[in-house]
>>> print(open('coords-v7.pdb').read())   # PDB, C-alpha atoms
ATOM      1  CA  MET A1191       0.000   0.000   0.000
ATOM      2  CA  ILE A1192       2.871   2.390   0.884
ATOM      3  CA  ALA A1193       4.605   1.624  -2.459
ATOM      4  CA  GLY A1194       1.322   2.168  -4.315
ATOM      5  CA  ALA A1195       0.754   5.485  -2.557
ATOM      6  CA  ALA A1196       4.286   6.606  -3.441
ATOM      7  CA  LEU A1197       3.734   5.696  -7.067
ATOM      8  CA  LEU A1198       0.464   7.630  -7.165
ATOM      9  CA  GLY A1199       2.234  10.566  -5.564
ATOM     10  CA  VAL A1200       4.902  10.591  -8.253
ATOM     11  CA  ALA A1201       2.246  10.343 -10.964
ATOM     12  CA  ALA A1202       0.227  13.148  -9.427
ATOM     13  CA  GLY A1203       3.314  15.342  -9.160
ATOM     14  CA  THR A1204       4.177  14.730 -12.810
ATOM     15  CA  CYS A1205       0.631  15.554 -13.946
ATOM     16  CA  THR A1206       0.695  18.747 -11.865
ATOM     17  CA  GLY A1207       3.974  19.735 -13.521
ATOM     18  CA  TYR A1208       2.499  19.220 -16.993
ATOM     19  CA  VAL A1209      -0.553  21.322 -16.078
ATOM     20  CA  ILE A1210       1.628  24.180 -14.780
ATOM     21  CA  GLN A1211       3.909  24.011 -17.825
ATOM     22  CA  ALA A1212       0.930  24.051 -20.189
ATOM     23  CA  GLY A1213      -0.356  27.213 -18.552
ATOM     24  CA  ARG A1214       2.878  29.138 -19.084
ATOM     25  CA  ALA A1215       3.701  31.243 -22.121
ATOM     26  CA  PRO A1216       6.138  29.510 -24.529
ATOM     27  CA  THR A1217       9.772  30.374 -24.005
ATOM     28  CA  ALA A1218      11.289  32.200 -26.974
ATOM     29  CA  LEU A1219      14.100  30.342 -28.748
ATOM     30  CA  PRO A1220      17.511  32.010 -29.023
ATOM     31  CA  PRO A1221      18.244  33.751 -32.349
ATOM     32  CA  LEU A1222      19.975  31.824 -35.136
ATOM     33  CA  SER A1223      23.704  32.314 -35.414
ATOM     34  CA  GLN A1224      23.391  33.038 -39.173
ATOM     35  CA  PRO A1225      21.339  35.864 -40.672
ATOM     36  CA  VAL A1226      18.333  34.911 -42.777
ATOM     37  CA  VAL A1227      19.020  35.449 -46.478
ATOM     38  CA  GLY A1228      16.106  36.561 -48.570
ATOM     39  CA  GLN A1229      15.168  34.613 -51.655
ATOM     40  CA  ALA A1230      16.429  36.141 -54.881
ATOM     41  CA  GLY A1231      13.906  37.120 -57.471
ATOM     42  CA  GLY A1232      13.766  35.895 -61.070
ATOM     43  CA  GLU A1233      15.409  32.801 -62.537
ATOM     44  CA  ALA A1234      19.052  31.782 -62.288
ATOM     45  CA  GLU A1235      21.126  32.384 -65.398
ATOM     46  CA  PRO A1236      22.350  29.167 -67.078
ATOM     47  CA  LEU A1237      26.071  28.493 -66.905
ATOM     48  CA  SER A1238      28.109  29.540 -69.894
ATOM     49  CA  ALA A1239      30.192  27.135 -71.960
ATOM     50  CA  ALA A1240      33.270  28.415 -70.119
ATOM     51  CA  GLN A1241      31.712  27.412 -66.775
ATOM     52  CA  ASP A1242      29.941  24.208 -67.833
ATOM     53  CA  ARG A1243      31.651  22.193 -70.564
ATOM     54  CA  ARG A1244      28.486  20.157 -71.148
ATOM     55  CA  VAL A1245      27.038  23.259 -72.773
ATOM     56  CA  LYS A1246      29.839  22.900 -75.310
ATOM     57  CA  THR A1247      29.885  19.136 -75.845
ATOM     58  CA  ASP A1248      26.103  18.664 -75.948
ATOM     59  CA  GLY A1249      25.879  20.973 -78.938
ATOM     60  CA  ASP A1250      27.155  20.313 -82.455
ATOM     61  CA  LEU A1251      30.221  18.212 -81.673
ATOM     62  CA  ARG A1252      31.610  18.853 -85.159
ATOM     63  CA  ARG A1253      32.271  22.479 -84.201
ATOM     64  CA  LEU A1254      34.853  21.262 -81.683
ATOM     65  CA  LEU A1255      36.991  19.683 -84.406
ATOM     66  CA  ILE A1256      39.989  21.714 -85.522
ATOM     67  CA  THR A1257      39.717  23.155 -89.012
ATOM     68  CA  ARG A1258      41.483  21.665 -91.968
ATOM     69  CA  PRO A1259      44.649  23.512 -93.022
ATOM     70  CA  LYS A1260      44.622  25.630 -96.141
ATOM     71  CA  GLY A1261      45.321  23.645 -99.259
ATOM     72  CA  ALA A1262      44.192  20.340 -97.710
ATOM     73  CA  LYS A1263      42.496  17.798 -99.953
ATOM     74  CA  ASP A1264      39.714  15.374 -99.095
ATOM     75  CA  SER A1265      40.849  12.081 -97.642
ATOM     76  CA  ARG A1266      40.573   9.131 -99.985
ATOM     77  CA  PHE A1267      38.887   7.115 -97.231
ATOM     78  CA  PRO A1268      36.748   9.479 -95.119
ATOM     79  CA  VAL A1269      34.872   8.114 -92.112
ATOM     80  CA  GLY A1270      31.115   8.613 -91.996
ATOM     81  CA  ARG A1271      29.271  11.441 -93.746
ATOM     82  CA  ASP A1272      28.933  15.192 -93.181
ATOM     83  CA  GLY A1273      31.343  15.050 -90.266
ATOM     84  CA  TRP A1274      29.408  12.365 -88.381
ATOM     85  CA  ALA A1275      30.244   8.677 -87.939
ATOM     86  CA  ASP A1276      27.547   6.339 -86.683
ATOM     87  CA  LEU A1277      28.300   3.267 -84.607
ATOM     88  CA  ALA A1278      28.770   0.952 -87.591
ATOM     89  CA  SER A1279      30.957   3.427 -89.516
ATOM     90  CA  TYR A1280      33.236   4.083 -86.593
ATOM     91  CA  ALA A1281      33.500   0.400 -85.639
ATOM     92  CA  GLY A1282      34.537  -0.279 -89.228
ATOM     93  CA  GLU A1283      37.807   1.572 -88.533
ATOM     94  CA  TYR A1284      39.029  -1.281 -86.328
ATOM     95  CA  LYS A1285      40.701  -4.500 -87.417
ATOM     96  CA  SER A1286      37.781  -6.481 -85.997
ATOM     97  CA  PRO A1287      34.670  -4.366 -86.708
ATOM     98  CA  ALA A1288      32.221  -6.834 -85.170
ATOM     99  CA  ASP A1289      34.079  -6.950 -81.860
ATOM    100  CA  ALA A1290      34.512  -3.177 -81.888
ATOM    101  CA  PHE A1291      30.790  -2.721 -82.554
ATOM    102  CA  ASP A1292      29.868  -4.857 -79.536
ATOM    103  CA  SER A1293      32.409  -3.096 -77.304
ATOM    104  CA  LEU A1294      31.257   0.374 -78.345
ATOM    105  CA  ALA A1295      27.611  -0.529 -77.819
ATOM    106  CA  GLY A1296      28.444  -1.923 -74.367
ATOM    107  CA  SER A1297      30.319   1.290 -73.571
ATOM    108  CA  GLU A1298      27.205   3.353 -74.318
ATOM    109  CA  PHE A1299      28.415   4.907 -77.573
ATOM    110  CA  ARG A1300      26.463   8.094 -78.219
ATOM    111  CA  ARG A1301      27.944   9.645 -81.374
ATOM    112  CA  ALA A1302      31.224  10.489 -83.111
ATOM    113  CA  ALA A1303      32.302  13.631 -84.937
ATOM    114  CA  THR A1304      35.053  13.142 -87.491
ATOM    115  CA  THR A1305      37.246  15.009 -89.927
ATOM    116  CA  SER A1306      40.082  13.958 -92.230
ATOM    117  CA  TRP A1307      42.310  15.392 -94.926
ATOM    118  CA  ARG A1308      45.540  14.923 -96.854
ATOM    119  CA  MET A1309      48.177  17.465 -97.802
ATOM    120  CA  GLY A1310      50.033  15.381-100.369
ATOM    121  CA  GLU A1311      49.513  12.149-102.209
ATOM    122  CA  ASN A1312      50.467   9.750 -99.425
ATOM    123  CA  ASP A1313      49.874  11.493 -96.098
ATOM    124  CA  ASN A1314      46.529  11.351 -94.306
ATOM    125  CA  VAL A1315      45.174  12.854 -91.080
ATOM    126  CA  GLU A1316      42.065  11.567 -89.326
ATOM    127  CA  ILE A1317      40.557  13.004 -86.133
ATOM    128  CA  ASN A1318      37.670  11.429 -84.237
ATOM    129  CA  LEU A1319      35.799  12.794 -81.221
ATOM    130  CA  VAL A1320      33.852   9.872 -79.777
ATOM    131  CA  GLN A1321      31.198  10.733 -77.198
ATOM    132  CA  PHE A1322      29.673   8.277 -74.707
ATOM    133  CA  ARG A1323      26.554   8.531 -72.543
ATOM    134  CA  GLN A1324      28.520   7.426 -69.465
ATOM    135  CA  GLU A1325      25.493   6.506 -67.378
ATOM    136  CA  ASN A1326      27.290   3.511 -65.855
ATOM    137  CA  ASP A1327      31.007   3.734 -66.650
ATOM    138  CA  PRO A1328      33.676   6.367 -67.464
ATOM    139  CA  SER A1329      33.852   5.034 -71.023
ATOM    140  CA  ALA A1330      35.841   7.898 -72.573
ATOM    141  CA  ALA A1331      38.699   7.378 -70.118
ATOM    142  CA  GLU A1332      38.508   3.595 -70.560
ATOM    143  CA  TRP A1333      38.757   3.796 -74.367
ATOM    144  CA  ALA A1334      41.697   6.179 -74.138
ATOM    145  CA  ASP A1335      43.435   3.796 -71.743
ATOM    146  CA  SER A1336      42.738   0.841 -74.029
ATOM    147  CA  GLY A1337      44.056   2.740 -77.048
ATOM    148  CA  ARG A1338      47.258   3.613 -75.221
ATOM    149  CA  SER A1339      47.838  -0.001 -74.208
ATOM    150  CA  TRP A1340      47.593  -1.119 -77.849
ATOM    151  CA  ALA A1341      49.823   1.711 -79.083
ATOM    152  CA  GLU A1342      52.524   0.842 -76.559
ATOM    153  CA  LYS A1343      52.667  -2.732 -77.802
ATOM    154  CA  GLU A1344      53.948  -1.633 -81.220
ATOM    155  CA  GLU A1345      57.675  -2.083 -81.722
ATOM    156  CA  ASP A1346      59.947   0.928 -82.285
ATOM    157  CA  THR A1347      57.447   3.326 -80.733
ATOM    158  CA  ARG A1348      58.235   6.594 -78.983
ATOM    159  CA  ASP A1349      55.724   8.475 -76.841
ATOM    160  CA  TRP A1350      55.293  11.847 -75.107
ATOM    161  CA  PRO A1351      52.570  13.257 -72.828
ATOM    162  CA  ILE A1352      50.151  15.832 -74.215
ATOM    163  CA  PRO A1353      50.474  18.945 -72.028
ATOM    164  CA  GLY A1354      47.448  19.760 -69.894
ATOM    165  CA  THR A1355      45.670  16.433 -70.411
ATOM    166  CA  GLY A1356      46.838  14.314 -67.482
ATOM    167  CA  ASP A1357      47.354  10.997 -69.249
ATOM    168  CA  GLY A1358      46.917  12.030 -72.891
ATOM    169  CA  THR A1359      49.760  10.698 -75.048
ATOM    170  CA  VAL A1360      51.150  10.974 -78.571
ATOM    171  CA  TYR A1361      52.914   8.055 -80.228
ATOM    172  CA  VAL A1362      55.264   7.925 -83.187
ATOM    173  CA  HIS A1363      55.779   4.471 -84.694
ATOM    174  CA  ASP A1364      59.216   4.490 -86.328
ATOM    175  CA  ALA A1365      58.903   1.067 -87.976
ATOM    176  CA  PRO A1366      56.663   1.324 -91.089
ATOM    177  CA  ALA A1367      54.172  -1.247 -92.243
ATOM    178  CA  ARG A1368      55.440  -2.854 -95.427
ATOM    179  CA  LYS A1369      53.561  -4.695 -98.146
ATOM    180  CA  PRO A1370      54.951  -5.913-101.491
ATOM    181  CA  GLY A1371      54.131  -3.492-104.277
ATOM    182  CA  TYR A1372      53.303  -0.598-101.936
ATOM    183  CA  LEU A1373      55.225   2.255-100.380
ATOM    184  CA  PRO A1374      56.108   1.895 -96.686
ATOM    185  CA  LEU A1375      53.407   3.271 -94.375
ATOM    186  CA  TYR A1376      54.484   5.179 -91.277
ATOM    187  CA  ALA A1377      52.031   5.973 -88.486
ATOM    188  CA  ALA A1378      51.598   8.300 -85.525
ATOM    189  CA  GLU A1379      48.662   8.754 -83.174
ATOM    190  CA  ALA A1380      47.393  10.832 -80.270
ATOM    191  CA  LEU A1381      44.971   9.533 -77.657
ATOM    192  CA  ALA A1382      43.307  11.498 -74.856
ATOM    193  CA  TRP A1383      39.940  12.156 -73.237
ATOM    194  CA  ARG A1384      38.041  14.948 -71.549
ATOM    195  CA  GLY A1385      34.721  14.441 -69.779
ATOM    196  CA  ASP A1386      32.609  12.121 -71.928
ATOM    197  CA  VAL A1387      34.625  12.609 -75.127
ATOM    198  CA  TYR A1388      37.445  10.331 -76.303
ATOM    199  CA  MET A1389      39.817  11.965 -78.781
ATOM    200  CA  GLU A1390      41.966  10.087 -81.241
ATOM    201  CA  ILE A1391      44.170  11.412 -84.015
ATOM    202  CA  ARG A1392      45.790   9.127 -86.569
ATOM    203  CA  VAL A1393      48.403  10.221 -89.099
ATOM    204  CA  ASN A1394      49.798   8.058 -91.893
ATOM    205  CA  ASP A1395      52.471   8.907 -94.439
ATOM    206  CA  SER A1396      54.944   7.241 -96.783
ATOM    207  CA  LYS A1397      57.759   9.010 -94.940
ATOM    208  CA  PRO A1398      58.572   9.222 -91.202
ATOM    209  CA  ILE A1399      56.241  11.426 -89.132
ATOM    210  CA  SER A1400      57.740  13.926 -86.733
ATOM    211  CA  LYS A1401      56.806  14.370 -83.085
ATOM    212  CA  ALA A1402      56.156  18.057 -83.787
ATOM    213  CA  LYS A1403      53.453  17.260 -86.341
ATOM    214  CA  ILE A1404      51.384  14.880 -84.221
ATOM    215  CA  MET A1405      51.906  16.928 -81.053
ATOM    216  CA  ASP A1406      50.720  20.132 -82.727
ATOM    217  CA  LEU A1407      47.514  18.424 -83.854
ATOM    218  CA  ALA A1408      46.920  16.930 -80.407
ATOM    219  CA  VAL A1409      47.493  20.177 -78.484
ATOM    220  CA  ARG A1410      45.263  22.202 -80.795
ATOM    221  CA  GLN A1411      42.481  19.617 -80.750
ATOM    222  CA  MET A1412      42.486  19.186 -76.982
ATOM    223  CA  GLY A1413      42.484  22.976 -76.680
ATOM    224  CA  LYS A1414      39.128  22.997 -78.506
ATOM    225  CA  LEU A1415      37.695  20.611 -75.902
TER
END
>>> encode(input="coords-v7.pdb", output="structure tokens")
Amino acid sequence: MIAGAALLGVAAGTCTGYVIQAGRAPTALPPLSQPVVGQAGGEAEPLSAAQDRRVKTDGDLRRLLITRPKGAKDSRFPVGRDGWADLASYAGEYKSPADAFDSLAGSEFRRAATTSWRMGENDNVEINLVQFRQENDPSAAEWADSGRSWAEKEEDTRDWPIPGTGDGTVYVHDAPARKPGYLPLYAAEALAWRGDVYMEIRVNDSKPISKAKIMDLAVRQMGKL
């Protein structure tokens, strides 16, 4: 009985406290440590291409290709049409088009802008900007890394980093491809990426290709991106 009375006493005291508290005016909270900022009027201005590179790369990708030099002729074997290469056209550039097609599709290929030209009878320049959707993987970086691994396997190959690109690289292959009845074919290439765009430049000529030539193309093209 004594324990029960004590329990009732505690309960009664608690109820009395709640009743008294309910009858009091609410205690004002202390002021916030930060001032309240008013909401700005109007709509926010969209970021410029200089601030958001997606503004640049989501537009006409062909405008980001460097221009052909004066006096350049059309390539004998251009890729795609009107500066665009679809999935099948671009995959056809590889030694195993079917495998390349499957790999590109799995990498979420979006589109490719392309340009090519020749200055003489035997030299040829080809530049491709390959864009990926990149919803699941950093495909542009992966394709650049894969391209570099293949380039480094070629014998008699020299390489140099492309300034300002992190891991972008140019390669000069000093040993030409030879085939009976044909002139020797020298090659050089540049591989890099930025955002969702993989850049590749391929130069072929019947005479050795200088580092200066491929590097100039790579620096100017990456500067456009």
>>> resolve_selection(input="coords-v7.pdb", expression="the PyMOL selection byres ((chain A and resi 1271-1288) around 12)", output="ChimeraX atom specification")
/A:1250-1257,1267-1270,1289-1307,1316-1322,1337,1390,1392
>>> write_last_selection(input="coords-v7.pdb", atoms="C-alpha atoms", output="PDB file, keeping the file's coordinate frame")
ATOM      1  CA  ASP A1250      27.155  20.313 -82.455  1.00  0.00           C
ATOM      2  CA  LEU A1251      30.221  18.212 -81.673  1.00  0.00           C
ATOM      3  CA  ARG A1252      31.610  18.853 -85.159  1.00  0.00           C
ATOM      4  CA  ARG A1253      32.271  22.479 -84.201  1.00  0.00           C
ATOM      5  CA  LEU A1254      34.853  21.262 -81.683  1.00  0.00           C
ATOM      6  CA  LEU A1255      36.991  19.683 -84.406  1.00  0.00           C
ATOM      7  CA  ILE A1256      39.989  21.714 -85.522  1.00  0.00           C
ATOM      8  CA  THR A1257      39.717  23.155 -89.012  1.00  0.00           C
ATOM      9  CA  PHE A1267      38.887   7.115 -97.231  1.00  0.00           C
ATOM     10  CA  PRO A1268      36.748   9.479 -95.119  1.00  0.00           C
ATOM     11  CA  VAL A1269      34.872   8.114 -92.112  1.00  0.00           C
ATOM     12  CA  GLY A1270      31.115   8.613 -91.996  1.00  0.00           C
ATOM     13  CA  ASP A1289      34.079  -6.950 -81.860  1.00  0.00           C
ATOM     14  CA  ALA A1290      34.512  -3.177 -81.888  1.00  0.00           C
ATOM     15  CA  PHE A1291      30.790  -2.721 -82.554  1.00  0.00           C
ATOM     16  CA  ASP A1292      29.868  -4.857 -79.536  1.00  0.00           C
ATOM     17  CA  SER A1293      32.409  -3.096 -77.304  1.00  0.00           C
ATOM     18  CA  LEU A1294      31.257   0.374 -78.345  1.00  0.00           C
ATOM     19  CA  ALA A1295      27.611  -0.529 -77.819  1.00  0.00           C
ATOM     20  CA  GLY A1296      28.444  -1.923 -74.367  1.00  0.00           C
ATOM     21  CA  SER A1297      30.319   1.290 -73.571  1.00  0.00           C
ATOM     22  CA  GLU A1298      27.205   3.353 -74.318  1.00  0.00           C
ATOM     23  CA  PHE A1299      28.415   4.907 -77.573  1.00  0.00           C
ATOM     24  CA  ARG A1300      26.463   8.094 -78.219  1.00  0.00           C
ATOM     25  CA  ARG A1301      27.944   9.645 -81.374  1.00  0.00           C
ATOM     26  CA  ALA A1302      31.224  10.489 -83.111  1.00  0.00           C
ATOM     27  CA  ALA A1303      32.302  13.631 -84.937  1.00  0.00           C
ATOM     28  CA  THR A1304      35.053  13.142 -87.491  1.00  0.00           C
ATOM     29  CA  THR A1305      37.246  15.009 -89.927  1.00  0.00           C
ATOM     30  CA  SER A1306      40.082  13.958 -92.230  1.00  0.00           C
ATOM     31  CA  TRP A1307      42.310  15.392 -94.926  1.00  0.00           C
ATOM     32  CA  GLU A1316      42.065  11.567 -89.326  1.00  0.00           C
ATOM     33  CA  ILE A1317      40.557  13.004 -86.133  1.00  0.00           C
ATOM     34  CA  ASN A1318      37.670  11.429 -84.237  1.00  0.00           C
ATOM     35  CA  LEU A1319      35.799  12.794 -81.221  1.00  0.00           C
ATOM     36  CA  VAL A1320      33.852   9.872 -79.777  1.00  0.00           C
ATOM     37  CA  GLN A1321      31.198  10.733 -77.198  1.00  0.00           C
ATOM     38  CA  PHE A1322      29.673   8.277 -74.707  1.00  0.00           C
ATOM     39  CA  GLY A1337      44.056   2.740 -77.048  1.00  0.00           C
ATOM     40  CA  GLU A1390      41.966  10.087 -81.241  1.00  0.00           C
ATOM     41  CA  ARG A1392      45.790   9.127 -86.569  1.00  0.00           C
TER      42      ARG A1392
END
>>> closest_residue(input="coords-v7.pdb", among="A:Arg1348, A:Ala1402, A:Asn1312, A:Lys1414", to="Pro1374 (chain A)", atoms="all atoms listed in the file")
A:Asn1312
>>> residues_around(input="coords-v7.pdb", residues="Gly1358 (chain A)", least_positions_apart="3", cutoff="8 Å", atoms="all atoms listed in the file", output="list in words")
Ala1334, Pro1351, Ile1352, Pro1353, Thr1355, Ala1380, Leu1381, Ala1382 and Trp1383 of chain A
>>> residues_around(input="coords-v7.pdb", residues="Ala1377 (chain A)", least_positions_apart="6", cutoff="9 Å", atoms="only C-alpha atoms", output="ChimeraX atom specification")
/A:1361-1367,1392-1396,1398-1399
>>> atom_distance(input="coords-v7.pdb", atom1="CA of Asp1313 (chain A)", atom2="CA of Arg1368 (chain A)")
15.4 Å
>>> axis_aligned_box(input="coords-v7.pdb", around="region 1262-1275 of chain A", padding_each_side="3 Å", output="AutoDock Vina command-line options")
--center_x 36.6 --center_y 13.7 --center_z -94.0 --size_x 21.3 --size_y 19.2 --size_z 18.0
>>> resolve_selection(input="coords-v7.pdb", expression="the PyMOL selection byres ((chain A and resi 1326-1330) around 6)", output="list in words")
Ser1297, Gln1324, Glu1325, Ala1331, Glu1332, Trp1333, Trp1383, Asp1386, Val1387 and Tyr1388 of chain A
>>> residues_near_point(input="coords-v7.pdb", point="(50.6, 14.8, -82.4)", cutoff="8 Å", atoms="only C-alpha atoms", output="list in words")
Val1360, Tyr1361, Ala1378, Glu1379, Ala1380, Ile1391, Lys1401, Ala1402, Lys1403, Ile1404, Met1405, Asp1406, Leu1407, Ala1408 and Val1409 of chain A
>>> atom_distance(input="coords-v7.pdb", atom1="CA of Gly1354 (chain A)", atom2="CA of Asn1314 (chain A)")
25.8 Å
>>> closest_residue(input="coords-v7.pdb", among="A:Gln1411, A:Glu1342, A:Trp1350, A:Thr1359", to="Arg1258 (chain A)", atoms="all atoms listed in the file")
A:Gln1411
>>> atom_distance(input="coords-v7.pdb", atom1="CA of Leu1373 (chain A)", atom2="CA of Ala1341 (chain A)")
22.0 Å
>>> closest_residue(input="coords-v7.pdb", among="A:Gly1371, A:Arg1384, A:Met1389, A:Arg1308", to="Arg1338 (chain A)", atoms="only C-alpha atoms")
A:Met1389
>>> decode(input="coords-v7.pdb", residues="region 1278-1287 of chain A", atoms="all heavy atoms", output="PDB file, in the first residue's frame")
ATOM      1  N   ALA A1278      28.234   1.918 -86.630  1.00  0.00           N
ATOM      2  CA  ALA A1278      28.770   0.952 -87.591  1.00  0.00           C
ATOM      3  C   ALA A1278      29.962   1.526 -88.354  1.00  0.00           C
ATOM      4  O   ALA A1278      30.966   0.840 -88.575  1.00  0.00           O
ATOM      5  CB  ALA A1278      27.676   0.517 -88.560  1.00  0.00           C
ATOM      6  N   SER A1279      29.871   2.798 -88.760  1.00  0.00           N
ATOM      7  CA  SER A1279      30.957   3.427 -89.516  1.00  0.00           C
ATOM      8  C   SER A1279      32.219   3.529 -88.673  1.00  0.00           C
ATOM      9  O   SER A1279      33.327   3.241 -89.147  1.00  0.00           O
ATOM     10  CB  SER A1279      30.539   4.812 -90.002  1.00  0.00           C
ATOM     11  OG  SER A1279      29.438   4.731 -90.885  1.00  0.00           O
ATOM     12  N   TYR A1280      32.055   3.931 -87.436  1.00  0.00           N
ATOM     13  CA  TYR A1280      33.236   4.083 -86.593  1.00  0.00           C
ATOM     14  C   TYR A1280      33.831   2.722 -86.244  1.00  0.00           C
ATOM     15  O   TYR A1280      35.054   2.551 -86.246  1.00  0.00           O
ATOM     16  CB  TYR A1280      32.887   4.851 -85.318  1.00  0.00           C
ATOM     17  CG  TYR A1280      34.069   5.013 -84.406  1.00  0.00           C
ATOM     18  CD1 TYR A1280      35.159   5.794 -84.777  1.00  0.00           C
ATOM     19  CD2 TYR A1280      34.123   4.350 -83.188  1.00  0.00           C
ATOM     20  CE1 TYR A1280      36.274   5.922 -83.962  1.00  0.00           C
ATOM     21  CE2 TYR A1280      35.222   4.475 -82.350  1.00  0.00           C
ATOM     22  CZ  TYR A1280      36.297   5.265 -82.748  1.00  0.00           C
ATOM     23  OH  TYR A1280      37.392   5.370 -81.936  1.00  0.00           O
ATOM     24  N   ALA A1281      33.001   1.744 -85.950  1.00  0.00           N
ATOM     25  CA  ALA A1281      33.500   0.400 -85.639  1.00  0.00           C
ATOM     26  C   ALA A1281      34.250  -0.186 -86.825  1.00  0.00           C
ATOM     27  O   ALA A1281      35.182  -0.976 -86.656  1.00  0.00           O
ATOM     28  CB  ALA A1281      32.347  -0.514 -85.242  1.00  0.00           C
ATOM     29  N   GLY A1282      33.873   0.223 -88.033  1.00  0.00           N
ATOM     30  CA  GLY A1282      34.537  -0.279 -89.228  1.00  0.00           C
ATOM     31  C   GLY A1282      35.974   0.162 -89.354  1.00  0.00           C
ATOM     32  O   GLY A1282      36.723  -0.366 -90.192  1.00  0.00           O
ATOM     33  N   GLU A1283      36.426   1.113 -88.523  1.00  0.00           N
ATOM     34  CA  GLU A1283      37.807   1.572 -88.533  1.00  0.00           C
ATOM     35  C   GLU A1283      38.746   0.578 -87.852  1.00  0.00           C
ATOM     36  O   GLU A1283      39.964   0.676 -88.000  1.00  0.00           O
ATOM     37  CB  GLU A1283      37.906   2.926 -87.823  1.00  0.00           C
ATOM     38  CG  GLU A1283      37.265   4.080 -88.573  1.00  0.00           C
ATOM     39  CD  GLU A1283      38.046   4.411 -89.832  1.00  0.00           C
ATOM     40  OE1 GLU A1283      39.144   4.975 -89.716  1.00  0.00           O
ATOM     41  OE2 GLU A1283      37.546   4.069 -90.923  1.00  0.00           O
ATOM     42  N   TYR A1284      38.203  -0.349 -87.096  1.00  0.00           N
ATOM     43  CA  TYR A1284      39.029  -1.281 -86.328  1.00  0.00           C
ATOM     44  C   TYR A1284      39.296  -2.560 -87.131  1.00  0.00           C
ATOM     45  O   TYR A1284      38.563  -2.891 -88.077  1.00  0.00           O
ATOM     46  CB  TYR A1284      38.338  -1.617 -85.006  1.00  0.00           C
ATOM     47  CG  TYR A1284      38.372  -0.469 -84.021  1.00  0.00           C
ATOM     48  CD1 TYR A1284      37.443   0.562 -84.092  1.00  0.00           C
ATOM     49  CD2 TYR A1284      39.350  -0.398 -83.025  1.00  0.00           C
ATOM     50  CE1 TYR A1284      37.472   1.628 -83.204  1.00  0.00           C
ATOM     51  CE2 TYR A1284      39.393   0.660 -82.129  1.00  0.00           C
ATOM     52  CZ  TYR A1284      38.450   1.669 -82.221  1.00  0.00           C
ATOM     53  OH  TYR A1284      38.491   2.727 -81.355  1.00  0.00           O
ATOM     54  N   LYS A1285      40.329  -3.271 -86.722  1.00  0.00           N
ATOM     55  CA  LYS A1285      40.701  -4.500 -87.417  1.00  0.00           C
ATOM     56  C   LYS A1285      39.620  -5.562 -87.299  1.00  0.00           C
ATOM     57  O   LYS A1285      39.487  -6.403 -88.179  1.00  0.00           O
ATOM     58  CB  LYS A1285      42.029  -5.030 -86.863  1.00  0.00           C
ATOM     59  CG  LYS A1285      43.222  -4.143 -87.188  1.00  0.00           C
ATOM     60  CD  LYS A1285      44.516  -4.725 -86.649  1.00  0.00           C
ATOM     61  CE  LYS A1285      45.708  -3.847 -86.987  1.00  0.00           C
ATOM     62  NZ  LYS A1285      46.988  -4.392 -86.460  1.00  0.00           N
ATOM     63  N   SER A1286      38.886  -5.537 -86.184  1.00  0.00           N
ATOM     64  CA  SER A1286      37.781  -6.481 -85.997  1.00  0.00           C
ATOM     65  C   SER A1286      36.508  -5.673 -85.763  1.00  0.00           C
ATOM     66  O   SER A1286      36.115  -5.420 -84.615  1.00  0.00           O
ATOM     67  CB  SER A1286      38.060  -7.413 -84.813  1.00  0.00           C
ATOM     68  OG  SER A1286      36.985  -8.304 -84.609  1.00  0.00           O
ATOM     69  N   PRO A1287      35.838  -5.241 -86.842  1.00  0.00           N
ATOM     70  CA  PRO A1287      34.670  -4.366 -86.708  1.00  0.00           C
ATOM     71  C   PRO A1287      33.546  -4.938 -85.841  1.00  0.00           C
ATOM     72  O   PRO A1287      32.920  -4.204 -85.085  1.00  0.00           O
ATOM     73  CB  PRO A1287      34.208  -4.173 -88.147  1.00  0.00           C
ATOM     74  CG  PRO A1287      35.430  -4.395 -88.969  1.00  0.00           C
ATOM     75  CD  PRO A1287      36.184  -5.475 -88.247  1.00  0.00           C
TER      76      PRO A1287
END
